[in-house]
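start30.cif (mmCIF, C-alpha atoms) appears below.
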```cif
data_entry
loop_
_atom_site.label_atom_id
_atom_site.label_comp_id
_atom_site.auth_asym_id
_atom_site.auth_seq_id
_atom_site.Cartn_x
_atom_site.Cartn_y
_atom_site.Cartn_z
CA MET A 1 72.45 95.13 101.49
CA SER A 2 74.07 93.60 98.40
CA GLU A 3 77.73 94.04 97.58
CA TYR A 4 78.43 97.56 96.43
CA THR A 5 79.96 96.34 93.18
CA LYS A 6 76.61 94.75 92.27
CA LEU A 7 74.54 97.90 92.83
CA THR A 8 73.35 100.12 90.02
CA LYS A 9 74.50 103.73 89.76
CA GLU A 10 71.13 104.90 91.05
CA GLU A 11 71.33 102.57 94.05
CA LEU A 12 74.85 103.76 94.84
CA LEU A 13 73.78 107.39 94.69
CA LYS A 14 70.88 106.68 97.05
CA GLU A 15 73.20 104.89 99.48
CA LYS A 16 75.67 107.77 99.28
CA GLU A 17 72.93 110.27 100.13
CA LEU A 18 72.00 108.32 103.27
CA LEU A 19 75.66 107.97 104.31
CA LEU A 20 76.35 111.68 103.84
CA LYS A 21 73.44 112.49 106.14
CA LYS A 22 74.90 110.22 108.83
CA PHE A 23 78.39 111.63 108.20
CA ASP A 24 77.13 115.19 108.68
CA GLU A 25 75.52 114.18 111.97
CA TYR A 26 78.91 112.92 113.17
CA LYS A 27 80.63 116.11 112.00
CA ALA A 28 78.14 118.25 113.89
CA MET A 29 79.22 116.59 117.15
CA GLY A 30 82.58 118.40 117.01
CA LEU A 31 84.46 115.26 118.04
CA SER A 32 88.17 114.79 118.63
CA LEU A 33 88.83 111.04 118.87
CA ASP A 34 92.22 109.32 118.66
CA MET A 35 92.78 105.82 117.28
CA SER A 36 96.24 106.60 115.91
CA ARG A 37 98.63 104.66 118.14
CA GLY A 38 98.54 101.59 120.33
CA LYS A 39 98.79 103.41 123.63
CA PRO A 40 97.53 101.84 126.86
CA CYS A 41 94.63 103.72 128.42
CA LYS A 42 94.70 105.24 131.91
CA GLU A 43 92.98 102.20 133.44
CA GLN A 44 95.76 99.96 132.14
CA LEU A 45 98.51 102.26 133.39
CA ASP A 46 96.87 102.38 136.82
CA LEU A 47 97.28 98.60 137.16
CA SER A 48 101.01 98.96 137.88
CA MET A 49 101.07 101.91 140.25
CA GLY A 50 101.59 99.54 143.18
CA MET A 51 105.26 99.16 142.29
CA PHE A 52 106.01 102.62 143.69
CA SER A 53 106.30 101.44 147.27
CA SER A 54 108.06 103.75 149.71
CA ASP A 55 109.64 100.92 151.68
CA ILE A 56 111.68 99.35 148.83
CA ASP A 57 115.34 99.00 149.88
CA TYR A 58 116.78 99.02 146.31
CA ILE A 59 119.19 96.16 147.07
CA ASP A 60 119.15 93.23 144.64
CA GLU A 61 121.24 90.19 145.58
CA GLY A 62 123.69 92.42 147.39
CA ILE A 63 123.77 95.04 144.61
CA ASP A 64 122.84 98.61 145.48
CA THR A 65 120.80 99.54 142.40
CA ARG A 66 121.22 103.25 143.15
CA ASN A 67 124.91 103.11 142.24
CA TYR A 68 127.05 102.65 139.13
CA GLY A 69 127.62 99.37 137.31
CA ILE A 70 125.89 96.16 136.20
CA LEU A 71 125.67 96.86 132.47
CA ASP A 72 123.55 93.84 131.63
CA GLY A 73 120.87 94.54 134.23
CA ILE A 74 120.23 93.37 137.77
CA PRO A 75 120.00 89.61 138.42
CA SER A 76 116.32 89.51 139.46
CA CYS A 77 115.22 91.39 136.34
CA LYS A 78 117.29 89.22 133.99
CA LYS A 79 115.84 86.10 135.63
CA LEU A 80 112.29 87.41 135.21
CA PHE A 81 112.75 88.04 131.48
CA ALA A 82 114.53 84.70 131.05
CA GLU A 83 111.61 82.89 132.66
CA LEU A 84 109.06 84.77 130.55
CA LEU A 85 110.91 84.20 127.25
CA GLY A 86 112.14 80.65 127.87
CA VAL A 87 115.87 81.38 127.58
CA GLU A 88 118.91 81.26 129.85
CA THR A 89 119.65 84.23 132.09
CA LYS A 90 123.14 84.62 130.62
CA ASN A 91 121.58 85.37 127.24
CA VAL A 92 119.49 88.29 128.52
CA ILE A 93 120.41 91.94 128.88
CA ALA A 94 117.86 94.00 130.82
CA GLY A 95 117.80 97.42 129.25
CA PRO A 96 116.22 100.89 129.23
CA ASN A 97 112.54 101.78 129.03
CA ALA A 98 112.11 101.08 125.29
CA SER A 99 113.01 98.13 123.07
CA LEU A 100 113.12 100.66 120.21
CA THR A 101 116.35 101.98 121.74
CA LEU A 102 117.83 98.48 121.79
CA MET A 103 116.96 97.93 118.12
CA PHE A 104 118.35 101.28 117.02
CA ASP A 105 121.55 100.79 119.03
CA TYR A 106 122.09 97.31 117.61
CA ILE A 107 121.80 98.50 113.99
CA CYS A 108 124.14 101.37 114.88
CA GLN A 109 126.61 98.84 116.29
CA CYS A 110 126.49 96.86 113.05
CA PHE A 111 127.29 100.02 111.10
CA ALA A 112 130.16 101.01 113.38
CA HIS A 113 131.89 97.68 113.94
CA GLY A 114 130.15 94.99 111.94
CA VAL A 115 128.81 91.67 113.19
CA LEU A 116 131.14 89.18 114.87
CA GLY A 117 134.22 89.98 112.80
CA GLU A 118 132.45 90.77 109.53
CA GLU A 119 133.01 94.09 107.74
CA ALA A 120 131.27 97.10 109.28
CA TRP A 121 128.08 97.97 107.42
CA ARG A 122 129.22 101.58 107.00
CA TYR A 123 131.51 100.42 104.19
CA ASN A 124 128.57 99.08 102.17
CA ASP A 125 126.21 101.59 100.55
CA SER A 126 123.94 98.84 99.14
CA ILE A 127 122.57 97.31 102.36
CA LYS A 128 119.02 95.97 102.23
CA PHE A 129 116.55 94.71 104.83
CA LEU A 130 113.45 92.60 104.43
CA CYS A 131 110.23 94.07 105.81
CA PRO A 132 107.11 91.92 106.23
CA VAL A 133 104.16 94.11 105.25
CA PRO A 134 101.94 95.51 106.48
CA GLY A 135 104.36 96.13 109.35
CA TYR A 136 105.54 98.35 112.17
CA ASP A 137 106.31 101.91 111.11
CA ARG A 138 109.04 102.37 113.75
CA HIS A 139 111.07 99.59 112.16
CA PHE A 140 110.89 101.39 108.85
CA THR A 141 111.92 104.66 110.51
CA ILE A 142 115.10 103.06 111.89
CA LEU A 143 116.03 101.60 108.51
CA ASP A 144 115.27 104.85 106.73
CA TYR A 145 117.51 106.73 109.18
CA PHE A 146 120.45 104.54 108.18
CA ASP A 147 119.57 104.74 104.46
CA ILE A 148 118.99 100.98 104.35
CA GLU A 149 116.92 99.89 101.36
CA MET A 150 113.67 98.28 102.46
CA ILE A 151 112.17 95.34 100.56
CA ASN A 152 108.49 94.49 101.01
CA VAL A 153 107.69 90.88 101.88
CA PRO A 154 103.93 90.17 101.93
CA MET A 155 102.36 88.55 104.98
CA ASN A 156 100.01 85.62 104.73
CA GLU A 157 97.91 83.92 107.41
CA ASN A 158 100.93 82.02 108.82
CA GLY A 159 103.58 84.73 108.65
CA PRO A 160 105.80 86.29 105.97
CA ASP A 161 106.06 84.76 102.50
CA MET A 162 108.99 82.40 103.05
CA ALA A 163 109.46 81.61 99.35
CA GLN A 164 110.19 85.28 98.69
CA ILE A 165 112.49 85.53 101.70
CA LYS A 166 114.52 82.54 100.53
CA GLU A 167 115.03 84.20 97.15
CA TYR A 168 115.95 87.61 98.58
CA ILE A 169 118.59 86.25 100.98
CA LYS A 170 120.62 84.92 98.04
CA ASP A 171 121.77 88.54 97.71
CA PRO A 172 124.74 89.14 100.08
CA ASN A 173 123.65 92.77 100.46
CA VAL A 174 120.47 91.64 102.23
CA LYS A 175 121.67 91.94 105.80
CA GLY A 176 118.57 91.29 107.84
CA MET A 177 114.88 91.40 108.56
CA PHE A 178 112.66 93.13 111.08
CA CYS A 179 109.58 91.25 112.25
CA VAL A 180 106.95 91.03 114.98
CA PRO A 181 106.38 87.26 115.25
CA LYS A 182 103.43 87.19 117.66
CA TYR A 183 100.33 89.30 117.03
CA SER A 184 102.17 91.13 114.27
CA ASN A 185 101.72 94.87 114.07
CA PRO A 186 99.21 95.54 112.57
CA SER A 187 97.81 92.26 111.20
CA GLY A 188 97.62 90.39 114.51
CA ILE A 189 99.06 87.28 112.83
CA THR A 190 101.23 84.89 114.84
CA TYR A 191 103.91 83.01 112.92
CA SER A 192 103.13 79.30 112.64
CA ASP A 193 105.56 76.69 113.96
CA GLU A 194 106.42 75.82 110.36
CA VAL A 195 107.29 79.44 109.50
CA VAL A 196 109.39 79.84 112.67
CA ARG A 197 111.31 76.68 111.71
CA GLU A 198 111.78 77.91 108.14
CA ILE A 199 113.14 81.19 109.46
CA ALA A 200 115.48 79.39 111.84
CA ALA A 201 116.76 77.24 108.97
CA LEU A 202 117.57 80.12 106.58
CA LYS A 203 120.98 80.08 104.91
CA PRO A 204 121.60 83.69 103.84
CA ALA A 205 124.44 84.60 101.53
CA ALA A 206 125.43 87.30 104.04
CA LYS A 207 127.22 85.79 107.04
CA ASP A 208 126.21 88.86 109.04
CA PHE A 209 122.47 88.49 108.29
CA ARG A 210 120.50 89.33 111.43
CA ILE A 211 116.81 88.96 112.20
CA ILE A 212 115.46 91.50 114.68
CA TRP A 213 112.80 89.40 116.43
CA ASP A 214 110.66 92.16 117.93
CA ASN A 215 108.56 90.07 120.30
CA ALA A 216 106.57 93.07 121.48
CA TYR A 217 103.34 91.17 122.22
CA PHE A 218 104.78 87.92 123.58
CA ILE A 219 102.37 87.86 126.52
CA HIS A 220 99.59 90.14 125.30
CA ASP A 221 96.71 87.70 124.84
CA LEU A 222 93.09 88.86 124.95
CA ASP A 223 91.94 85.64 126.63
CA ASP A 224 93.20 82.24 127.82
CA ASN A 225 92.99 80.89 124.28
CA GLY A 226 95.79 83.06 122.92
CA ASP A 227 98.18 82.12 120.14
CA LYS A 228 101.31 80.10 120.92
CA LEU A 229 104.62 81.13 119.34
CA LEU A 230 107.37 78.58 118.94
CA ASN A 231 110.51 79.73 120.77
CA ILE A 232 112.96 80.35 117.95
CA PHE A 233 115.95 79.99 120.29
CA ASP A 234 114.92 76.37 120.84
CA VAL A 235 115.11 75.79 117.09
CA LEU A 236 118.12 77.81 115.89
CA PRO A 237 120.77 75.32 117.18
CA GLU A 238 119.23 72.56 115.05
CA TYR A 239 120.39 74.47 111.95
CA GLY A 240 123.65 75.92 113.27
CA ASN A 241 122.10 79.41 113.30
CA ASP A 242 122.53 80.26 116.99
CA ASP A 243 123.79 83.77 116.18
CA MET A 244 121.21 84.79 113.54
CA VAL A 245 118.43 86.19 115.77
CA ILE A 246 118.38 89.22 118.05
CA GLU A 247 115.20 89.23 120.14
CA VAL A 248 113.83 92.30 121.91
CA CYS A 249 110.81 92.93 124.10
CA SER A 250 109.66 95.36 126.78
CA THR A 251 107.09 96.00 129.47
CA SER A 252 105.83 99.10 127.65
CA LYS A 253 102.35 97.57 127.40
CA ILE A 254 102.66 95.57 130.62
CA THR A 255 103.47 98.38 133.07
CA PHE A 256 104.24 101.88 131.76
CA SER A 257 104.72 102.93 128.14
CA GLY A 258 107.20 105.66 129.02
CA ALA A 259 108.81 104.10 132.09
CA GLY A 260 108.93 100.35 131.63
CA ILE A 261 111.95 98.15 131.02
CA SER A 262 113.19 96.36 127.93
CA ALA A 263 115.31 93.31 127.24
CA ILE A 264 117.47 91.94 124.47
CA VAL A 265 118.05 88.21 124.02
CA ALA A 266 120.84 86.77 121.89
CA SER A 267 123.48 84.06 121.60
CA ASP A 268 126.60 84.02 123.77
CA ALA A 269 128.68 85.54 120.95
CA ASN A 270 126.17 88.31 120.20
CA ILE A 271 125.75 89.13 123.90
CA ALA A 272 129.53 89.45 124.26
CA GLN A 273 129.72 91.90 121.35
CA ILE A 274 126.76 93.94 122.62
CA MET A 275 128.35 94.11 126.09
CA GLY A 276 131.54 95.45 124.53
CA ARG A 277 129.53 98.29 123.05
CA LEU A 278 127.60 98.95 126.28
CA ASN A 279 130.88 99.30 128.16
CA CYS A 280 131.53 102.42 126.07
CA GLN A 281 127.94 103.60 125.75
CA THR A 282 126.60 103.73 129.29
CA ILE A 283 127.46 103.37 132.97
CA SER A 284 124.32 101.28 133.35
CA TYR A 285 120.64 101.35 132.53
CA ASP A 286 118.12 102.38 135.19
CA LYS A 287 118.58 99.62 137.76
CA MET A 288 116.20 101.18 140.25
CA ASN A 289 113.40 100.90 137.72
CA GLN A 290 114.42 97.34 136.94
CA LEU A 291 114.20 96.46 140.64
CA ARG A 292 110.80 98.12 141.01
CA HIS A 293 109.55 95.87 138.23
CA SER A 294 111.11 92.62 139.45
CA ARG A 295 109.89 93.25 143.03
CA PHE A 296 106.38 94.16 141.85
CA PHE A 297 106.02 90.92 139.86
CA GLY A 298 108.49 88.46 141.35
CA THR A 299 107.65 85.62 138.95
CA ALA A 300 106.62 85.07 135.36
CA GLU A 301 103.34 83.62 136.59
CA ALA A 302 102.57 86.90 138.35
CA VAL A 303 103.17 88.78 135.09
CA LYS A 304 100.73 86.47 133.32
CA GLU A 305 98.08 87.10 135.97
CA HIS A 306 98.70 90.83 135.62
CA MET A 307 98.14 90.59 131.86
CA LYS A 308 94.71 89.07 132.44
CA LYS A 309 93.74 92.41 134.01
CA HIS A 310 94.90 94.16 130.84
CA ALA A 311 92.89 91.72 128.74
CA ALA A 312 89.75 92.45 130.76
CA ILE A 313 90.10 96.12 129.76
CA LEU A 314 91.18 95.56 126.16
CA LYS A 315 88.98 92.72 124.95
CA PRO A 316 85.68 94.67 125.13
CA LYS A 317 87.30 97.44 123.08
CA PHE A 318 88.37 95.03 120.36
CA GLU A 319 84.87 93.56 120.39
CA ILE A 320 83.30 97.01 119.88
CA VAL A 321 85.39 97.67 116.77
CA LEU A 322 84.92 94.18 115.35
CA LYS A 323 81.15 94.38 115.91
CA HIS A 324 81.00 97.65 113.97
CA LEU A 325 83.06 96.21 111.12
CA GLU A 326 80.92 93.10 110.87
CA ASN A 327 77.55 94.83 111.23
CA GLU A 328 78.30 97.80 108.97
CA LEU A 329 80.81 96.49 106.42
CA GLY A 330 80.14 92.76 106.39
CA GLY A 331 78.80 91.49 103.07
CA LEU A 332 79.41 94.74 101.19
CA GLY A 333 82.54 93.48 99.45
CA VAL A 334 84.46 96.67 100.24
CA ALA A 335 86.69 95.58 103.15
CA ASN A 336 88.20 92.70 105.07
CA TRP A 337 89.85 92.63 108.47
CA GLY A 338 91.59 90.40 110.97
CA ASN A 339 90.21 89.08 114.26
CA PRO A 340 93.35 88.86 116.41
CA LYS A 341 93.59 86.90 119.66
CA GLY A 342 95.93 89.47 121.16
CA GLY A 343 98.25 92.38 120.54
CA TYR A 344 97.14 95.97 120.10
CA PHE A 345 95.80 96.39 116.58
CA ILE A 346 93.18 95.40 114.04
CA SER A 347 94.28 95.51 110.42
CA LEU A 348 91.62 96.72 108.00
CA ASP A 349 92.02 96.42 104.23
CA VAL A 350 89.55 98.49 102.23
CA MET A 351 88.87 98.56 98.49
CA GLU A 352 92.10 99.23 96.60
CA GLY A 353 92.78 102.92 96.16
CA CYS A 354 90.47 104.04 98.98
CA ALA A 355 92.47 104.07 102.23
CA GLN A 356 93.79 107.60 101.82
CA ARG A 357 90.28 108.91 101.25
CA VAL A 358 89.02 107.02 104.32
CA GLY A 359 91.69 108.76 106.39
CA GLU A 360 90.64 112.16 105.04
CA LEU A 361 86.97 111.56 105.80
CA CYS A 362 87.71 110.32 109.32
CA LYS A 363 89.80 113.40 110.02
CA GLU A 364 87.02 115.62 108.71
CA ALA A 365 84.61 113.98 111.17
CA GLY A 366 87.03 114.26 114.11
CA VAL A 367 88.75 110.84 114.18
CA THR A 368 92.54 110.55 114.01
CA LEU A 369 93.85 107.31 112.50
CA THR A 370 97.38 106.04 112.03
CA PRO A 371 98.60 107.88 108.90
CA VAL A 372 97.55 105.88 105.87
CA GLY A 373 100.62 104.21 104.35
CA ALA A 374 102.52 104.08 107.65
CA THR A 375 102.32 100.28 107.72
CA TYR A 376 104.56 100.12 104.63
CA PRO A 377 108.17 101.24 104.05
CA TYR A 378 108.55 104.84 102.91
CA GLY A 379 104.88 105.42 103.83
CA LYS A 380 103.81 103.96 100.48
CA ASP A 381 101.08 101.36 100.55
CA PRO A 382 101.18 100.06 96.96
CA LYS A 383 97.46 99.29 97.00
CA ASN A 384 96.41 102.27 99.15
CA SER A 385 94.18 99.90 101.09
CA ASN A 386 95.58 99.19 104.60
CA ILE A 387 94.37 100.98 107.73
CA ARG A 388 95.73 100.19 111.19
CA ILE A 389 93.08 100.46 113.92
CA ALA A 390 94.28 101.00 117.50
CA PRO A 391 91.37 100.38 119.93
CA SER A 392 93.28 100.57 123.24
CA PHE A 393 93.45 104.25 124.15
CA PRO A 394 89.96 105.78 123.71
CA PRO A 395 87.29 105.31 126.39
CA VAL A 396 84.58 102.82 125.39
CA GLU A 397 82.02 105.49 124.53
CA GLU A 398 84.45 107.38 122.30
CA LEU A 399 85.65 104.18 120.66
CA ASP A 400 82.09 103.27 119.77
CA LEU A 401 81.66 106.62 118.02
CA ALA A 402 85.05 106.42 116.31
CA ALA A 403 84.34 102.94 114.95
CA GLY A 404 81.00 104.14 113.59
CA ILE A 405 82.65 107.09 111.86
CA LEU A 406 85.32 104.80 110.41
CA CYS A 407 82.72 102.48 108.89
CA VAL A 408 80.71 105.33 107.36
CA SER A 409 83.94 106.77 105.96
CA VAL A 410 84.91 103.42 104.41
CA LYS A 411 81.54 103.09 102.72
CA LEU A 412 81.60 106.66 101.42
CA ALA A 413 85.13 106.34 100.06
CA CYS A 414 84.33 103.10 98.26
CA ILE A 415 81.11 104.47 96.76
CA GLU A 416 83.00 107.50 95.53
CA LYS A 417 85.45 105.24 93.75
CA LEU A 418 82.73 103.09 92.23
CA LEU A 419 80.95 106.17 90.96
CA GLY A 420 84.20 107.41 89.44
#
```
For this file, write the structure as structure tokens.
Amino acid sequence: MSEYTKLTKEELLKEKELLLKKFDEYKAMGLSLDMSRGKPCKEQLDLSMGMFSSDIDYIDEGIDTRNYGILDGIPSCKKLFAELLGVETKNVIAGPNASLTLMFDYICQCFAHGVLGEEAWRYNDSIKFLCPVPGYDRHFTILDYFDIEMINVPMNENGPDMAQIKEYIKDPNVKGMFCVPKYSNPSGITYSDEVVREIAALKPAAKDFRIIWDNAYFIHDLDDNGDKLLNIFDVLPEYGNDDMVIEVCSTSKITFSGAGISAIVASDANIAQIMGRLNCQTISYDKMNQLRHSRFFGTAEAVKEHMKKHAAILKPKFEIVLKHLENELGGLGVANWGNPKGGYFISLDVMEGCAQRVGELCKEAGVTLTPVGATYPYGKDPKNSNIRIAPSFPPVEELDLAAGILCVSVKLACIEKLLG
């Protein structure tokens, strides 16, 4: 079919009639399908059940992990993360089950005591953060909780718009930036080497400017030809910016979403300050869980082999959604989408002003999407066009139906707009 914008009113009305018939058929099925969040499916979670061995002794390099102490995590777990992330063990803290906790606690620390001798953020009611968009809604939720003003920075095919970032950081009230550098949520974009170097070379007006490098999908490739992300900690020293980046990651989508382990990576000075806070905050994180993970994997290479099993489950699901998008929306001029090599999402941009309506139609037909607008600060997508698709959780048969309903909903919403 021709692009919708080139059709006559009569042709659009005819197309709408056919789509409504298909839409009603979907509605009659009484479906309840969920594509709202990037949750691993049961088959993925089952891959890690082997770590619950009854004969584990819970001793790690002479440390009884059942007892108090070891704030920065057990040695074997720190070594595993260090090997995976290409950093030194001394610069790793193995943490709780969620990297979200680490990010929230770090921002809280900045508010309470400042950054490496700088004034505590609680004394400044004009703090701002840069937010590459579309982006991760949980980042925005943290910033909103602390009443930090969020500034949209558009993403391009290589990462965030660096020209805009360089202008914004001239303001000393701009204190940081949240980002997902590999397989960005939701666009699936991986920052190019050039962008990583530009970020590492930034010279912000604020001495306490911090980049939260949320490397959530650092090992989440869909095949052997995954994207490569330049290790920013290899580059920061070249520009005297060793302290500027706080990296976090977790095994939430490697082992168990609710019972994995997380890690924070930072410079010597940042680690020392974080440890000072941990000494007051906790006796220790869950060392028994850390040991279960390090014993189950042993080496970084074993983690990589484990992730190939995840990819075997996930890749067909991504292919189902992408096939629907191409076959049903391709050439209509109403939508465009990414084709990521990893991560957990597909970012769909529909005709401006139509995303909200797409969400309403999907809900009416029994498909739950990520709330429209969630990929932007304050839940406000300025173009009302972005939809985050999460293919991981539904079974294949349900995903096939959900993707079909999504495409029909996109076409209906766009026709409605064109007809006025």
Checklist entry - Once the PyMOL selection byres ((chain A and resi 176-181) around 6) has been applied to the shown file, what residues remain in the selection, as number ranges by chain? => result A: 129-131, 174-175, 182, 184, 190-191, 209-215
Output C-alpha atoms of each residue in that selection to a file, as an mmCIF file, in the frame of the given file.
```cif
data_model
loop_
_atom_site.group_PDB
_atom_site.id
_atom_site.type_symbol
_atom_site.label_atom_id
_atom_site.label_comp_id
_atom_site.auth_asym_id
_atom_site.auth_seq_id
_atom_site.Cartn_x
_atom_site.Cartn_y
_atom_site.Cartn_z
ATOM 1 C CA PHE A 129 116.550 94.710 104.830
ATOM 2 C CA LEU A 130 113.450 92.600 104.430
ATOM 3 C CA CYS A 131 110.230 94.070 105.810
ATOM 4 C CA VAL A 174 120.470 91.640 102.230
ATOM 5 C CA LYS A 175 121.670 91.940 105.800
ATOM 6 C CA LYS A 182 103.430 87.190 117.660
ATOM 7 C CA SER A 184 102.170 91.130 114.270
ATOM 8 C CA THR A 190 101.230 84.890 114.840
ATOM 9 C CA TYR A 191 103.910 83.010 112.920
ATOM 10 C CA PHE A 209 122.470 88.490 108.290
ATOM 11 C CA ARG A 210 120.500 89.330 111.430
ATOM 12 C CA ILE A 211 116.810 88.960 112.200
ATOM 13 C CA ILE A 212 115.460 91.500 114.680
ATOM 14 C CA TRP A 213 112.800 89.400 116.430
ATOM 15 C CA ASP A 214 110.660 92.160 117.930
ATOM 16 C CA ASN A 215 108.560 90.070 120.300
#
```
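The coordinates place CA of Ile232 in chain A at 29.6 Å from CA of Ile387 in chain A.
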Checklist entry - So which residues touch range 396-410 of chain A within 7 Å, counting all atoms listed in the file, skipping near sequence neighbours fewer than 3 positions away, as a VMD selection string? => result chain A and resid 19 23 33 317 320 to 321 324 to 325 328 to 329 358 361 to 362 367 391 413 to 414
Item to check | Close residues, range 63-70 of chain A itself excluded, 7 Å, all atoms listed in the file, min 3 positions apart in chain, as a list in words | outcome: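 Non-adjacent residues within range: Tyr58, Ile59, Asp60, Gly73, Ile74, Ile283, Ser284, Lys287 and Met288 of chain A.
Nearest residue to Pro40 in chain A among A:His220, A:Met275, A:Lys323, A:Gly338 is A:His220, counting only C-alpha atoms.
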Applying 10 Å and all atoms listed in the file, which residues near Ile127 in chain A remain after dropping the ones on its own chain fewer than 2 positions away? List them as a PDB file with C-alpha atoms, in the coordinates of the input.
```
ATOM      1  CA  TRP A 121     128.080  97.970 107.420  1.00  0.00           C
ATOM      2  CA  ARG A 122     129.220 101.580 107.000  1.00  0.00           C
ATOM      3  CA  TYR A 123     131.510 100.420 104.190  1.00  0.00           C
ATOM      4  CA  ASN A 124     128.570  99.080 102.170  1.00  0.00           C
ATOM      5  CA  ASP A 125     126.210 101.590 100.550  1.00  0.00           C
ATOM      6  CA  PHE A 129     116.550  94.710 104.830  1.00  0.00           C
ATOM      7  CA  LEU A 143     116.030 101.600 108.510  1.00  0.00           C
ATOM      8  CA  PHE A 146     120.450 104.540 108.180  1.00  0.00           C
ATOM      9  CA  ASP A 147     119.570 104.740 104.460  1.00  0.00           C
ATOM     10  CA  ILE A 148     118.990 100.980 104.350  1.00  0.00           C
ATOM     11  CA  GLU A 149     116.920  99.890 101.360  1.00  0.00           C
ATOM     12  CA  MET A 150     113.670  98.280 102.460  1.00  0.00           C
ATOM     13  CA  ASP A 171     121.770  88.540  97.710  1.00  0.00           C
ATOM     14  CA  PRO A 172     124.740  89.140 100.080  1.00  0.00           C
ATOM     15  CA  ASN A 173     123.650  92.770 100.460  1.00  0.00           C
ATOM     16  CA  VAL A 174     120.470  91.640 102.230  1.00  0.00           C
ATOM     17  CA  LYS A 175     121.670  91.940 105.800  1.00  0.00           C
ATOM     18  CA  GLY A 176     118.570  91.290 107.840  1.00  0.00           C
TER      19      GLY A 176
END
```
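Considering the residues A:Leu348, A:Val133, A:Ile199, A:Val87 and counting all atoms listed in the file, Asp381 in chain A has its shortest atom-to-atom contact with A:Val133.
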Item to check | Distance query Asn158 in chain A at most 12 Å, all atoms listed in the file, self and fewer than 4 positions along chain excluded, as an NGL selection string | outcome: :A and (132 or 154 or 162 or 181-184 or 187-196 or 198 or 227 or 229)
Checklist entry - What does the PyMOL selection byres ((chain A and resi 111) around 6) select in this file, as an MDAnalysis selection string? => result chainID A and resid 108:110 112:114 120:122
Between range 112-220 of chain A and range 302-310 of chain A, at 12 Å or less, what are the per-residue closest atom pairs and their distances in Å? Count all atoms listed in the file, order by chain and rising residue number, and return it as a Markdown table.
```
| residue | atom | partner | partner_atom | distance |
| --- | --- | --- | --- | --- |
| A:Tyr217 | CA | A:Met307 | CA | 11.0 |
| A:Phe218 | CA | A:Lys304 | CA | 10.6 |
| A:Ile219 | CA | A:Lys304 | CA | 7.1 |
| A:His220 | CA | A:Met307 | CA | 6.7 |
```
Just need range 100-112 of chain A in a file, please: N, CA and C atoms, as a PDB file, in the first residue's frame.
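What landed in result_34.pdb:
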```pdb
ATOM      1  N   LEU A 100      19.370  -0.031  40.835  1.00  0.00           N
ATOM      2  CA  LEU A 100      18.531   1.134  41.115  1.00  0.00           C
ATOM      3  C   LEU A 100      18.784   1.644  42.532  1.00  0.00           C
ATOM      4  N   THR A 101      18.964   0.727  43.474  1.00  0.00           N
ATOM      5  CA  THR A 101      19.265   1.110  44.853  1.00  0.00           C
ATOM      6  C   THR A 101      20.584   1.861  44.927  1.00  0.00           C
ATOM      7  N   LEU A 102      21.591   1.372  44.203  1.00  0.00           N
ATOM      8  CA  LEU A 102      22.898   2.026  44.206  1.00  0.00           C
ATOM      9  C   LEU A 102      22.808   3.443  43.648  1.00  0.00           C
ATOM     10  N   MET A 103      22.034   3.616  42.578  1.00  0.00           N
ATOM     11  CA  MET A 103      21.890   4.947  41.976  1.00  0.00           C
ATOM     12  C   MET A 103      21.157   5.895  42.923  1.00  0.00           C
ATOM     13  N   PHE A 104      20.069   5.425  43.506  1.00  0.00           N
ATOM     14  CA  PHE A 104      19.307   6.266  44.431  1.00  0.00           C
ATOM     15  C   PHE A 104      20.176   6.663  45.623  1.00  0.00           C
ATOM     16  N   ASP A 105      20.887   5.685  46.195  1.00  0.00           N
ATOM     17  CA  ASP A 105      21.716   5.958  47.366  1.00  0.00           C
ATOM     18  C   ASP A 105      22.850   6.934  47.044  1.00  0.00           C
ATOM     19  N   TYR A 106      23.397   6.841  45.833  1.00  0.00           N
ATOM     20  CA  TYR A 106      24.482   7.759  45.483  1.00  0.00           C
ATOM     21  C   TYR A 106      23.967   9.191  45.373  1.00  0.00           C
ATOM     22  N   ILE A 107      22.823   9.397  44.720  1.00  0.00           N
ATOM     23  CA  ILE A 107      22.255  10.740  44.634  1.00  0.00           C
ATOM     24  C   ILE A 107      21.916  11.261  46.030  1.00  0.00           C
ATOM     25  N   CYS A 108      21.405  10.389  46.881  1.00  0.00           N
ATOM     26  CA  CYS A 108      21.097  10.762  48.262  1.00  0.00           C
ATOM     27  C   CYS A 108      22.369  11.198  48.993  1.00  0.00           C
ATOM     28  N   GLN A 109      23.448  10.482  48.764  1.00  0.00           N
ATOM     29  CA  GLN A 109      24.744  10.829  49.362  1.00  0.00           C
ATOM     30  C   GLN A 109      25.198  12.211  48.912  1.00  0.00           C
ATOM     31  N   CYS A 110      25.015  12.505  47.639  1.00  0.00           N
ATOM     32  CA  CYS A 110      25.400  13.823  47.122  1.00  0.00           C
ATOM     33  C   CYS A 110      24.590  14.933  47.794  1.00  0.00           C
ATOM     34  N   PHE A 111      23.319  14.659  48.051  1.00  0.00           N
ATOM     35  CA  PHE A 111      22.475  15.646  48.723  1.00  0.00           C
ATOM     36  C   PHE A 111      22.892  15.843  50.175  1.00  0.00           C
ATOM     37  N   ALA A 112      23.255  14.747  50.829  1.00  0.00           N
ATOM     38  CA  ALA A 112      23.559  14.826  52.261  1.00  0.00           C
ATOM     39  C   ALA A 112      24.937  15.408  52.540  1.00  0.00           C
TER      40      ALA A 112
END
```
